[in-house]
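Data first, discussion second: the structure below is written as structure tokens.
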Amino acid sequence: MNKTIFEISKMDCPSEENLIRMKLDGISSIANLDFDIPNRKLTVFHRGESDQIEKSVIELKLGGKKISTEQTDTTEFKESTNQKKLLWSVLAINFAFFLIEMTTGIISKSMGLVADSLDMLADSFVYGISLFAVGGTLIKKKRIAKLAGYFQITLAVIGFGEVLRRFFGDEKLPDFSTMIIVSIFALIANGICLYILQKSKSKEEAHMKASVIFTSNDVIINLGVIIAGILVNWLHSNKPDLIIGTIVFVLVVQGAFRILKLSK
């Protein structure tokens, strides 16, 4: 048995972990994957060479880089029996907040909330693909990934168009208080998701850590929408909301392309 350690510089939340798991799912030589999200490390236990594994990790464009490969005596691995239950929990939280943020975003005229709702939906897709494709064929997983990726891109493009329309039009200011309150609750929801998934690891650092929470893209986005809401009120302009919305739409498209890579 060999042990190859990768540094994944852009792996900052559990949805990236699931993307990597799905990407490496078809490689028969892999015996176990051990993720260390706080330190952005992935340890792969495998038989034979690591070339195919390294190629697959790099293809996801998450900043993957091989650090070392060495032999190991470890041959038995503990799999979390609660993994499926935990995935259902985070899927439910993410999808619920997609609906909440999309609804409140439309009502409050906030593109920041609408964009963040799509980011929540993107995470839901990742968890959903992991769950619904369990035990399925590789072709089934690729088909689901392709549909999810294109749907995500379509929504983001529609969002970009709405941002442009509002930028050049004479729109009312978004409701800054709704932006801030809903984003605070979304921030808490993301923290809960990270806590749930980190707790599933059989390690002493199962509890939530600031280093885990505040390196998450999702949490940074939530903070961005909160700041945009404050600036909307301060500057009496919708531009901060449109700017954060544009940034998040770009992140959503990047995530969609990562999902599409799973379909190849």
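Identifiers for the structure tokens are assigned positionally: chains receive A, B, ... in sequence, residues are indexed from 1 per chain, and ligands are indexed from 1 in the order shown.
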Practice item. Extract, using only C-alpha atoms, all DNA, RNA and protein residues at most 8 Å from Tyr127 in chain A, discarding same-chain residues fewer than 3 positions from it, and format them as a PyMOL selection string. Key: chain A and resi 15+18+87-88+90-91+123-124+130-131
Now that the selection is made, can you save its residues with N, CA, C and O atoms as a PDB file, in the first residue's frame?
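Result file is selection.pdb:
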ATOM      1  N   SER A  15     -17.920  20.900   0.262  1.00  0.00           N
ATOM      2  CA  SER A  15     -18.408  20.633  -1.095  1.00  0.00           C
ATOM      3  C   SER A  15     -17.248  20.319  -2.031  1.00  0.00           C
ATOM      4  O   SER A  15     -17.378  19.502  -2.943  1.00  0.00           O
ATOM      5  N   ASN A  18     -16.339  16.707  -1.578  1.00  0.00           N
ATOM      6  CA  ASN A  18     -17.214  15.807  -2.319  1.00  0.00           C
ATOM      7  C   ASN A  18     -16.908  15.796  -3.806  1.00  0.00           C
ATOM      8  O   ASN A  18     -17.019  14.762  -4.472  1.00  0.00           O
ATOM      9  N   LEU A  87     -24.681  13.804   4.869  1.00  0.00           N
ATOM     10  CA  LEU A  87     -24.849  14.439   3.563  1.00  0.00           C
ATOM     11  C   LEU A  87     -26.288  14.899   3.355  1.00  0.00           C
ATOM     12  O   LEU A  87     -26.532  15.974   2.813  1.00  0.00           O
ATOM     13  N   TRP A  88     -27.237  14.080   3.807  1.00  0.00           N
ATOM     14  CA  TRP A  88     -28.640  14.487   3.707  1.00  0.00           C
ATOM     15  C   TRP A  88     -28.904  15.745   4.535  1.00  0.00           C
ATOM     16  O   TRP A  88     -29.660  16.635   4.121  1.00  0.00           O
ATOM     17  N   VAL A  90     -26.727  18.230   5.385  1.00  0.00           N
ATOM     18  CA  VAL A  90     -26.172  19.447   4.777  1.00  0.00           C
ATOM     19  C   VAL A  90     -26.877  19.777   3.459  1.00  0.00           C
ATOM     20  O   VAL A  90     -27.005  20.948   3.099  1.00  0.00           O
ATOM     21  N   LEU A  91     -27.344  18.745   2.757  1.00  0.00           N
ATOM     22  CA  LEU A  91     -28.124  18.984   1.538  1.00  0.00           C
ATOM     23  C   LEU A  91     -29.412  19.732   1.886  1.00  0.00           C
ATOM     24  O   LEU A  91     -29.770  20.706   1.218  1.00  0.00           O
ATOM     25  N   ASP A 123     -23.821  24.050  -3.948  1.00  0.00           N
ATOM     26  CA  ASP A 123     -23.407  23.086  -2.931  1.00  0.00           C
ATOM     27  C   ASP A 123     -24.421  21.949  -2.829  1.00  0.00           C
ATOM     28  O   ASP A 123     -24.048  20.790  -2.650  1.00  0.00           O
ATOM     29  N   SER A 124     -25.705  22.296  -2.951  1.00  0.00           N
ATOM     30  CA  SER A 124     -26.750  21.264  -2.908  1.00  0.00           C
ATOM     31  C   SER A 124     -26.562  20.258  -4.035  1.00  0.00           C
ATOM     32  O   SER A 124     -26.746  19.048  -3.850  1.00  0.00           O
ATOM     33  N   SER A 130     -23.618  13.249  -4.921  1.00  0.00           N
ATOM     34  CA  SER A 130     -22.980  12.235  -4.076  1.00  0.00           C
ATOM     35  C   SER A 130     -24.007  11.238  -3.555  1.00  0.00           C
ATOM     36  O   SER A 130     -23.755  10.037  -3.507  1.00  0.00           O
ATOM     37  N   LEU A 131     -25.169  11.748  -3.158  1.00  0.00           N
ATOM     38  CA  LEU A 131     -26.198  10.886  -2.572  1.00  0.00           C
ATOM     39  C   LEU A 131     -26.950  10.072  -3.613  1.00  0.00           C
ATOM     40  O   LEU A 131     -27.060   8.859  -3.506  1.00  0.00           O
TER      41      LEU A 131
END
Review point. If we count only C-alpha atoms, what is near range 150-164 of chain A at a cut-off of 7 Å, once residues fewer than 4 positions away on the same chain are taken out, given as a list in words?
Key: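 In the requested format, the answer is Ala122, Lys146, Phe168, Leu242, Thr246, Phe249, Val252, Val253 and Ala256 of chain A.
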Let's have the selection written as a PDB file, in the first residue's frame, with all heavy atoms.
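The resulting file, again08.pdb, is reproduced below:
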ATOM      1  N   ALA A 122     -25.569  25.424  -5.675  1.00  0.00           N
ATOM      2  CA  ALA A 122     -24.402  24.721  -6.223  1.00  0.00           C
ATOM      3  C   ALA A 122     -23.890  23.678  -5.231  1.00  0.00           C
ATOM      4  O   ALA A 122     -23.575  22.534  -5.612  1.00  0.00           O
ATOM      5  CB  ALA A 122     -23.292  25.725  -6.546  1.00  0.00           C
ATOM      6  N   LYS A 146     -23.400  16.487 -15.464  1.00  0.00           N
ATOM      7  CA  LYS A 146     -23.530  17.348 -16.645  1.00  0.00           C
ATOM      8  C   LYS A 146     -24.794  18.202 -16.568  1.00  0.00           C
ATOM      9  O   LYS A 146     -24.757  19.413 -16.824  1.00  0.00           O
ATOM     10  CB  LYS A 146     -23.549  16.491 -17.920  1.00  0.00           C
ATOM     11  CG  LYS A 146     -23.604  17.314 -19.201  1.00  0.00           C
ATOM     12  CD  LYS A 146     -23.570  16.415 -20.429  1.00  0.00           C
ATOM     13  CE  LYS A 146     -22.200  15.818 -20.650  1.00  0.00           C
ATOM     14  NZ  LYS A 146     -22.097  15.070 -21.934  1.00  0.00           N
ATOM     15  N   PHE A 168     -27.633  49.617 -15.429  1.00  0.00           N
ATOM     16  CA  PHE A 168     -27.904  50.710 -16.371  1.00  0.00           C
ATOM     17  C   PHE A 168     -29.321  51.282 -16.238  1.00  0.00           C
ATOM     18  O   PHE A 168     -29.635  52.313 -16.827  1.00  0.00           O
ATOM     19  CB  PHE A 168     -27.686  50.227 -17.813  1.00  0.00           C
ATOM     20  CG  PHE A 168     -26.245  49.920 -18.112  1.00  0.00           C
ATOM     21  CD1 PHE A 168     -25.825  48.602 -18.254  1.00  0.00           C
ATOM     22  CD2 PHE A 168     -25.314  50.936 -18.229  1.00  0.00           C
ATOM     23  CE1 PHE A 168     -24.500  48.302 -18.520  1.00  0.00           C
ATOM     24  CE2 PHE A 168     -23.978  50.645 -18.503  1.00  0.00           C
ATOM     25  CZ  PHE A 168     -23.566  49.338 -18.646  1.00  0.00           C
ATOM     26  N   LEU A 242     -24.848  45.067  -6.475  1.00  0.00           N
ATOM     27  CA  LEU A 242     -24.599  44.536  -7.820  1.00  0.00           C
ATOM     28  C   LEU A 242     -23.177  43.994  -7.944  1.00  0.00           C
ATOM     29  O   LEU A 242     -22.947  42.980  -8.613  1.00  0.00           O
ATOM     30  CB  LEU A 242     -24.837  45.627  -8.871  1.00  0.00           C
ATOM     31  CG  LEU A 242     -26.267  46.180  -8.956  1.00  0.00           C
ATOM     32  CD1 LEU A 242     -26.358  47.256 -10.021  1.00  0.00           C
ATOM     33  CD2 LEU A 242     -27.267  45.059  -9.244  1.00  0.00           C
ATOM     34  N   THR A 246     -22.261  40.141  -8.760  1.00  0.00           N
ATOM     35  CA  THR A 246     -21.423  39.762  -9.902  1.00  0.00           C
ATOM     36  C   THR A 246     -20.297  38.824  -9.471  1.00  0.00           C
ATOM     37  O   THR A 246     -20.025  37.807 -10.126  1.00  0.00           O
ATOM     38  CB  THR A 246     -20.816  41.019 -10.566  1.00  0.00           C
ATOM     39  OG1 THR A 246     -21.875  41.869 -11.014  1.00  0.00           O
ATOM     40  CG2 THR A 246     -19.939  40.634 -11.748  1.00  0.00           C
ATOM     41  N   PHE A 249     -21.750  35.394  -8.762  1.00  0.00           N
ATOM     42  CA  PHE A 249     -22.120  34.705 -10.003  1.00  0.00           C
ATOM     43  C   PHE A 249     -20.889  34.105 -10.686  1.00  0.00           C
ATOM     44  O   PHE A 249     -20.944  33.009 -11.250  1.00  0.00           O
ATOM     45  CB  PHE A 249     -22.831  35.660 -10.963  1.00  0.00           C
ATOM     46  CG  PHE A 249     -24.267  35.937 -10.603  1.00  0.00           C
ATOM     47  CD1 PHE A 249     -24.765  37.231 -10.621  1.00  0.00           C
ATOM     48  CD2 PHE A 249     -25.120  34.899 -10.259  1.00  0.00           C
ATOM     49  CE1 PHE A 249     -26.080  37.492 -10.294  1.00  0.00           C
ATOM     50  CE2 PHE A 249     -26.451  35.148  -9.918  1.00  0.00           C
ATOM     51  CZ  PHE A 249     -26.932  36.450  -9.939  1.00  0.00           C
ATOM     52  N   VAL A 252     -20.041  31.006  -8.885  1.00  0.00           N
ATOM     53  CA  VAL A 252     -21.017  29.963  -9.218  1.00  0.00           C
ATOM     54  C   VAL A 252     -20.669  29.307 -10.556  1.00  0.00           C
ATOM     55  O   VAL A 252     -20.722  28.081 -10.700  1.00  0.00           O
ATOM     56  CB  VAL A 252     -22.446  30.544  -9.257  1.00  0.00           C
ATOM     57  CG1 VAL A 252     -23.423  29.540  -9.863  1.00  0.00           C
ATOM     58  CG2 VAL A 252     -22.906  30.921  -7.853  1.00  0.00           C
ATOM     59  N   VAL A 253     -20.285  30.131 -11.542  1.00  0.00           N
ATOM     60  CA  VAL A 253     -19.890  29.596 -12.855  1.00  0.00           C
ATOM     61  C   VAL A 253     -18.630  28.743 -12.727  1.00  0.00           C
ATOM     62  O   VAL A 253     -18.536  27.665 -13.334  1.00  0.00           O
ATOM     63  CB  VAL A 253     -19.671  30.749 -13.863  1.00  0.00           C
ATOM     64  CG1 VAL A 253     -19.032  30.217 -15.140  1.00  0.00           C
ATOM     65  CG2 VAL A 253     -20.990  31.420 -14.194  1.00  0.00           C
ATOM     66  N   ALA A 256     -19.620  25.522 -11.420  1.00  0.00           N
ATOM     67  CA  ALA A 256     -20.326  24.735 -12.447  1.00  0.00           C
ATOM     68  C   ALA A 256     -19.348  24.032 -13.364  1.00  0.00           C
ATOM     69  O   ALA A 256     -19.551  22.868 -13.736  1.00  0.00           O
ATOM     70  CB  ALA A 256     -21.245  25.649 -13.253  1.00  0.00           C
TER      71      ALA A 256
END
Point to revise | Residue list (strand (DSSP E), DSSP) for range 55-139 of chain A, as a list in words | key: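 The strand (DSSP E) subset of range 55-139 of chain A is Gly64, Lys65, Lys66, Ile67, Ser68, Thr69, Glu70 and Gln71 of chain A.
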Just-selected residues, all heavy atoms written as a PDB file, in the first residue's frame:
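Once everything was written out, this is out_28.pdb:
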ATOM      1  N   GLY A  64      -4.534  21.603  -6.843  1.00  0.00           N
ATOM      2  CA  GLY A  64      -3.972  20.353  -6.349  1.00  0.00           C
ATOM      3  C   GLY A  64      -2.502  20.182  -6.718  1.00  0.00           C
ATOM      4  O   GLY A  64      -2.105  20.448  -7.848  1.00  0.00           O
ATOM      5  N   LYS A  65      -1.696  19.753  -5.738  1.00  0.00           N
ATOM      6  CA  LYS A  65      -0.273  19.546  -5.977  1.00  0.00           C
ATOM      7  C   LYS A  65       0.210  18.383  -5.116  1.00  0.00           C
ATOM      8  O   LYS A  65      -0.051  18.349  -3.913  1.00  0.00           O
ATOM      9  CB  LYS A  65       0.507  20.815  -5.616  1.00  0.00           C
ATOM     10  CG  LYS A  65       2.003  20.712  -5.842  1.00  0.00           C
ATOM     11  CD  LYS A  65       2.686  22.037  -5.540  1.00  0.00           C
ATOM     12  CE  LYS A  65       2.624  22.375  -4.068  1.00  0.00           C
ATOM     13  NZ  LYS A  65       3.393  23.587  -3.710  1.00  0.00           N
ATOM     14  N   LYS A  66       0.904  17.419  -5.744  1.00  0.00           N
ATOM     15  CA  LYS A  66       1.405  16.277  -4.983  1.00  0.00           C
ATOM     16  C   LYS A  66       2.589  16.689  -4.119  1.00  0.00           C
ATOM     17  O   LYS A  66       3.515  17.348  -4.585  1.00  0.00           O
ATOM     18  CB  LYS A  66       1.826  15.144  -5.932  1.00  0.00           C
ATOM     19  CG  LYS A  66       2.195  13.863  -5.184  1.00  0.00           C
ATOM     20  CD  LYS A  66       2.396  12.685  -6.105  1.00  0.00           C
ATOM     21  CE  LYS A  66       3.797  12.667  -6.684  1.00  0.00           C
ATOM     22  NZ  LYS A  66       4.107  11.394  -7.374  1.00  0.00           N
ATOM     23  N   ILE A  67       2.538  16.294  -2.861  1.00  0.00           N
ATOM     24  CA  ILE A  67       3.622  16.626  -1.939  1.00  0.00           C
ATOM     25  C   ILE A  67       4.583  15.454  -1.783  1.00  0.00           C
ATOM     26  O   ILE A  67       5.802  15.624  -1.858  1.00  0.00           O
ATOM     27  CB  ILE A  67       3.058  17.028  -0.556  1.00  0.00           C
ATOM     28  CG1 ILE A  67       2.220  18.304  -0.674  1.00  0.00           C
ATOM     29  CG2 ILE A  67       4.190  17.234   0.455  1.00  0.00           C
ATOM     30  CD1 ILE A  67       1.532  18.695   0.605  1.00  0.00           C
ATOM     31  N   SER A  68       4.030  14.257  -1.584  1.00  0.00           N
ATOM     32  CA  SER A  68       4.909  13.096  -1.381  1.00  0.00           C
ATOM     33  C   SER A  68       4.152  11.795  -1.595  1.00  0.00           C
ATOM     34  O   SER A  68       2.923  11.755  -1.523  1.00  0.00           O
ATOM     35  CB  SER A  68       5.485  13.108   0.041  1.00  0.00           C
ATOM     36  OG  SER A  68       4.441  12.956   0.996  1.00  0.00           O
ATOM     37  N   THR A  69       4.917  10.742  -1.874  1.00  0.00           N
ATOM     38  CA  THR A  69       4.383   9.382  -1.938  1.00  0.00           C
ATOM     39  C   THR A  69       5.331   8.468  -1.176  1.00  0.00           C
ATOM     40  O   THR A  69       6.545   8.531  -1.368  1.00  0.00           O
ATOM     41  CB  THR A  69       4.266   8.878  -3.400  1.00  0.00           C
ATOM     42  OG1 THR A  69       3.342   9.697  -4.123  1.00  0.00           O
ATOM     43  CG2 THR A  69       3.765   7.437  -3.429  1.00  0.00           C
ATOM     44  N   GLU A  70       4.767   7.650  -0.306  1.00  0.00           N
ATOM     45  CA  GLU A  70       5.591   6.723   0.470  1.00  0.00           C
ATOM     46  C   GLU A  70       4.800   5.461   0.761  1.00  0.00           C
ATOM     47  O   GLU A  70       3.573   5.450   0.673  1.00  0.00           O
ATOM     48  CB  GLU A  70       6.038   7.373   1.785  1.00  0.00           C
ATOM     49  CG  GLU A  70       4.883   7.805   2.672  1.00  0.00           C
ATOM     50  CD  GLU A  70       5.347   8.557   3.900  1.00  0.00           C
ATOM     51  OE1 GLU A  70       6.106   9.533   3.741  1.00  0.00           O
ATOM     52  OE2 GLU A  70       4.925   8.191   5.011  1.00  0.00           O
ATOM     53  N   GLN A  71       5.513   4.404   1.096  1.00  0.00           N
ATOM     54  CA  GLN A  71       4.852   3.148   1.439  1.00  0.00           C
ATOM     55  C   GLN A  71       4.300   3.230   2.860  1.00  0.00           C
ATOM     56  O   GLN A  71       4.817   3.956   3.706  1.00  0.00           O
ATOM     57  CB  GLN A  71       5.831   1.977   1.326  1.00  0.00           C
ATOM     58  CG  GLN A  71       6.185   1.609  -0.111  1.00  0.00           C
ATOM     59  CD  GLN A  71       6.966   0.311  -0.197  1.00  0.00           C
ATOM     60  OE1 GLN A  71       7.761   0.010   0.689  1.00  0.00           O
ATOM     61  NE2 GLN A  71       6.737  -0.445  -1.254  1.00  0.00           N
TER      62      GLN A  71
END
Point to revise | CA of Leu62 in chain A to CA of Lys261 in chain A, straight-line distance in Å | key: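 Taking CA of Lys261 in chain A as the start and CA of Leu62 in chain A as the end point, the length is 11.7 Å.
Reported to one decimal place, the separation of CA of Arg258 in chain A from CA of Asn190 in chain A is 20.5 Å.
Each of A:Ala145, A:Val114, A:Leu99, A:Val248 was checked against Ile129 in chain A using only C-alpha atoms; the smallest atom-to-atom distance is that of A:Ala145.
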Review point. Hey, what's within 12 Å of Ile227 in chain A if we count only C-alpha atoms and toss same-chain stuff fewer than 6 positions away? As a VMD selection string, please?
Key: chain A and resid 112 176 to 177 179 to 181 183 to 184 220 to 221 233 to 235 240 to 241 243 to 244
Point to revise | Residue with smallest distance to Leu223 in chain A - pool A:Ile188, A:Ile144, A:Leu33, A:Ala92, counting only C-alpha atoms | key: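 Among A:Ile188, A:Ile144, A:Leu33, A:Ala92, it is A:Ile188 that comes nearest to Leu223 in chain A.
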Review point. Within 10 Å of Lys10 in chain A, counting only C-alpha atoms, which residues qualify if same-chain residues fewer than 4 places away don't, as a list in words?
Key: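 Answer for this query is Glu16, Ile37, Arg40, Lys61, Leu62, Gly63, Gly64, Thr215, Ser216 and Asn217 of chain A.
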Grab the residues selected above and save them as a short mmCIF file (atom, residue, chain, number, x, y, z; two decimals), in the first residue's frame with all heavy atoms.
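Result file follows (result.cif):
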data_model
loop_
_atom_site.label_atom_id
_atom_site.label_comp_id
_atom_site.auth_asym_id
_atom_site.auth_seq_id
_atom_site.Cartn_x
_atom_site.Cartn_y
_atom_site.Cartn_z
N GLU A 16 -16.07 20.96 -1.81
CA GLU A 16 -14.89 20.62 -2.61
C GLU A 16 -14.42 19.20 -2.31
O GLU A 16 -13.96 18.48 -3.19
CB GLU A 16 -13.75 21.61 -2.34
CG GLU A 16 -13.82 22.87 -3.16
CD GLU A 16 -14.43 24.04 -2.41
OE1 GLU A 16 -14.39 24.04 -1.17
OE2 GLU A 16 -14.96 24.93 -3.07
N ILE A 37 -9.50 19.28 5.76
CA ILE A 37 -9.92 20.55 5.19
C ILE A 37 -9.21 21.75 5.82
O ILE A 37 -8.77 22.65 5.11
CB ILE A 37 -11.46 20.71 5.25
CG1 ILE A 37 -12.11 19.66 4.35
CG2 ILE A 37 -11.88 22.10 4.80
CD1 ILE A 37 -13.62 19.67 4.37
N ARG A 40 -6.01 21.93 4.27
CA ARG A 40 -6.09 21.75 2.82
C ARG A 40 -5.18 20.61 2.33
O ARG A 40 -4.44 20.76 1.37
CB ARG A 40 -5.75 23.06 2.10
CG ARG A 40 -6.76 24.18 2.34
CD ARG A 40 -6.41 25.40 1.51
NE ARG A 40 -7.49 26.38 1.54
CZ ARG A 40 -7.50 27.45 2.32
NH1 ARG A 40 -6.50 27.66 3.15
NH2 ARG A 40 -8.50 28.30 2.27
N LYS A 61 -8.80 21.57 -11.06
CA LYS A 61 -8.36 22.97 -10.94
C LYS A 61 -8.69 23.57 -9.57
O LYS A 61 -9.18 24.69 -9.45
CB LYS A 61 -8.94 23.83 -12.06
CG LYS A 61 -8.48 23.41 -13.45
CD LYS A 61 -8.89 24.40 -14.50
CE LYS A 61 -8.50 23.93 -15.91
NZ LYS A 61 -7.05 23.72 -16.07
N LEU A 62 -8.41 22.79 -8.55
CA LEU A 62 -8.58 23.26 -7.17
C LEU A 62 -7.22 23.55 -6.52
O LEU A 62 -7.11 23.60 -5.30
CB LEU A 62 -9.34 22.22 -6.33
CG LEU A 62 -10.83 22.07 -6.64
CD1 LEU A 62 -11.42 20.87 -5.91
CD2 LEU A 62 -11.59 23.33 -6.28
N GLY A 63 -6.23 23.74 -7.36
CA GLY A 63 -4.89 24.02 -6.83
C GLY A 63 -4.21 22.78 -6.27
O GLY A 63 -3.41 22.87 -5.34
N GLY A 64 -4.53 21.60 -6.84
CA GLY A 64 -3.97 20.35 -6.35
C GLY A 64 -2.50 20.18 -6.72
O GLY A 64 -2.10 20.45 -7.85
N THR A 215 -12.13 30.14 6.53
CA THR A 215 -11.44 29.92 5.26
C THR A 215 -12.43 29.39 4.22
O THR A 215 -12.04 29.07 3.11
CB THR A 215 -10.28 28.91 5.40
OG1 THR A 215 -10.77 27.71 5.99
CG2 THR A 215 -9.17 29.50 6.26
N SER A 216 -13.70 29.33 4.58
CA SER A 216 -14.70 28.84 3.65
C SER A 216 -15.17 29.94 2.72
O SER A 216 -15.52 31.03 3.15
CB SER A 216 -15.90 28.28 4.42
OG SER A 216 -16.99 28.10 3.56
N ASN A 217 -15.19 29.65 1.42
CA ASN A 217 -15.71 30.60 0.43
C ASN A 217 -17.14 31.00 0.75
O ASN A 217 -17.53 32.16 0.60
CB ASN A 217 -15.67 30.00 -0.97
CG ASN A 217 -14.36 30.29 -1.67
OD1 ASN A 217 -13.61 31.17 -1.27
ND2 ASN A 217 -14.09 29.55 -2.72
#
Review point. Which of these, A:Lys109, A:His46, A:Glu17, A:Phe95, has the shortest distance to Glu171 in chain A once you count only C-alpha atoms?
Key: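 The answer is A:Lys109, which sits nearest to Glu171 in chain A.
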Point to revise | Shortest interatomic distance to Met120 in chain A - which of A:Asn39, A:Asn222, A:Ser9, A:Asn32, counting only C-alpha atoms | key: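 Of all the options, A:Asn222 lies closest to Met120 in chain A.
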Practice item. For Thr43 in chain A, list every protein, DNA or RNA residue within 6 Å, evaluated using only C-alpha atoms, and leave out those in the same chain fewer than 3 positions away; present the list as a list in words. Key: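 Here the answer would be Thr4, Ile5, Leu33 and Asp34 of chain A.
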Exercise for review: From a DSSP calculation on the backbone, collect every residue of range 27-259 of chain A in helix (DSSP H, G or I) and output the set as number ranges by chain.
Suggested key: A: 51-59, 83-108, 111-132, 138-168, 176-199, 204-206, 210-213, 217-235, 239-259
Exercise for review: Would you mind reading off the distance between CA of Phe98 in chain A and CA of Asp25 in chain A, one decimal, in Å?
Suggested key: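 Distance between the two atoms: 27.6 Å.
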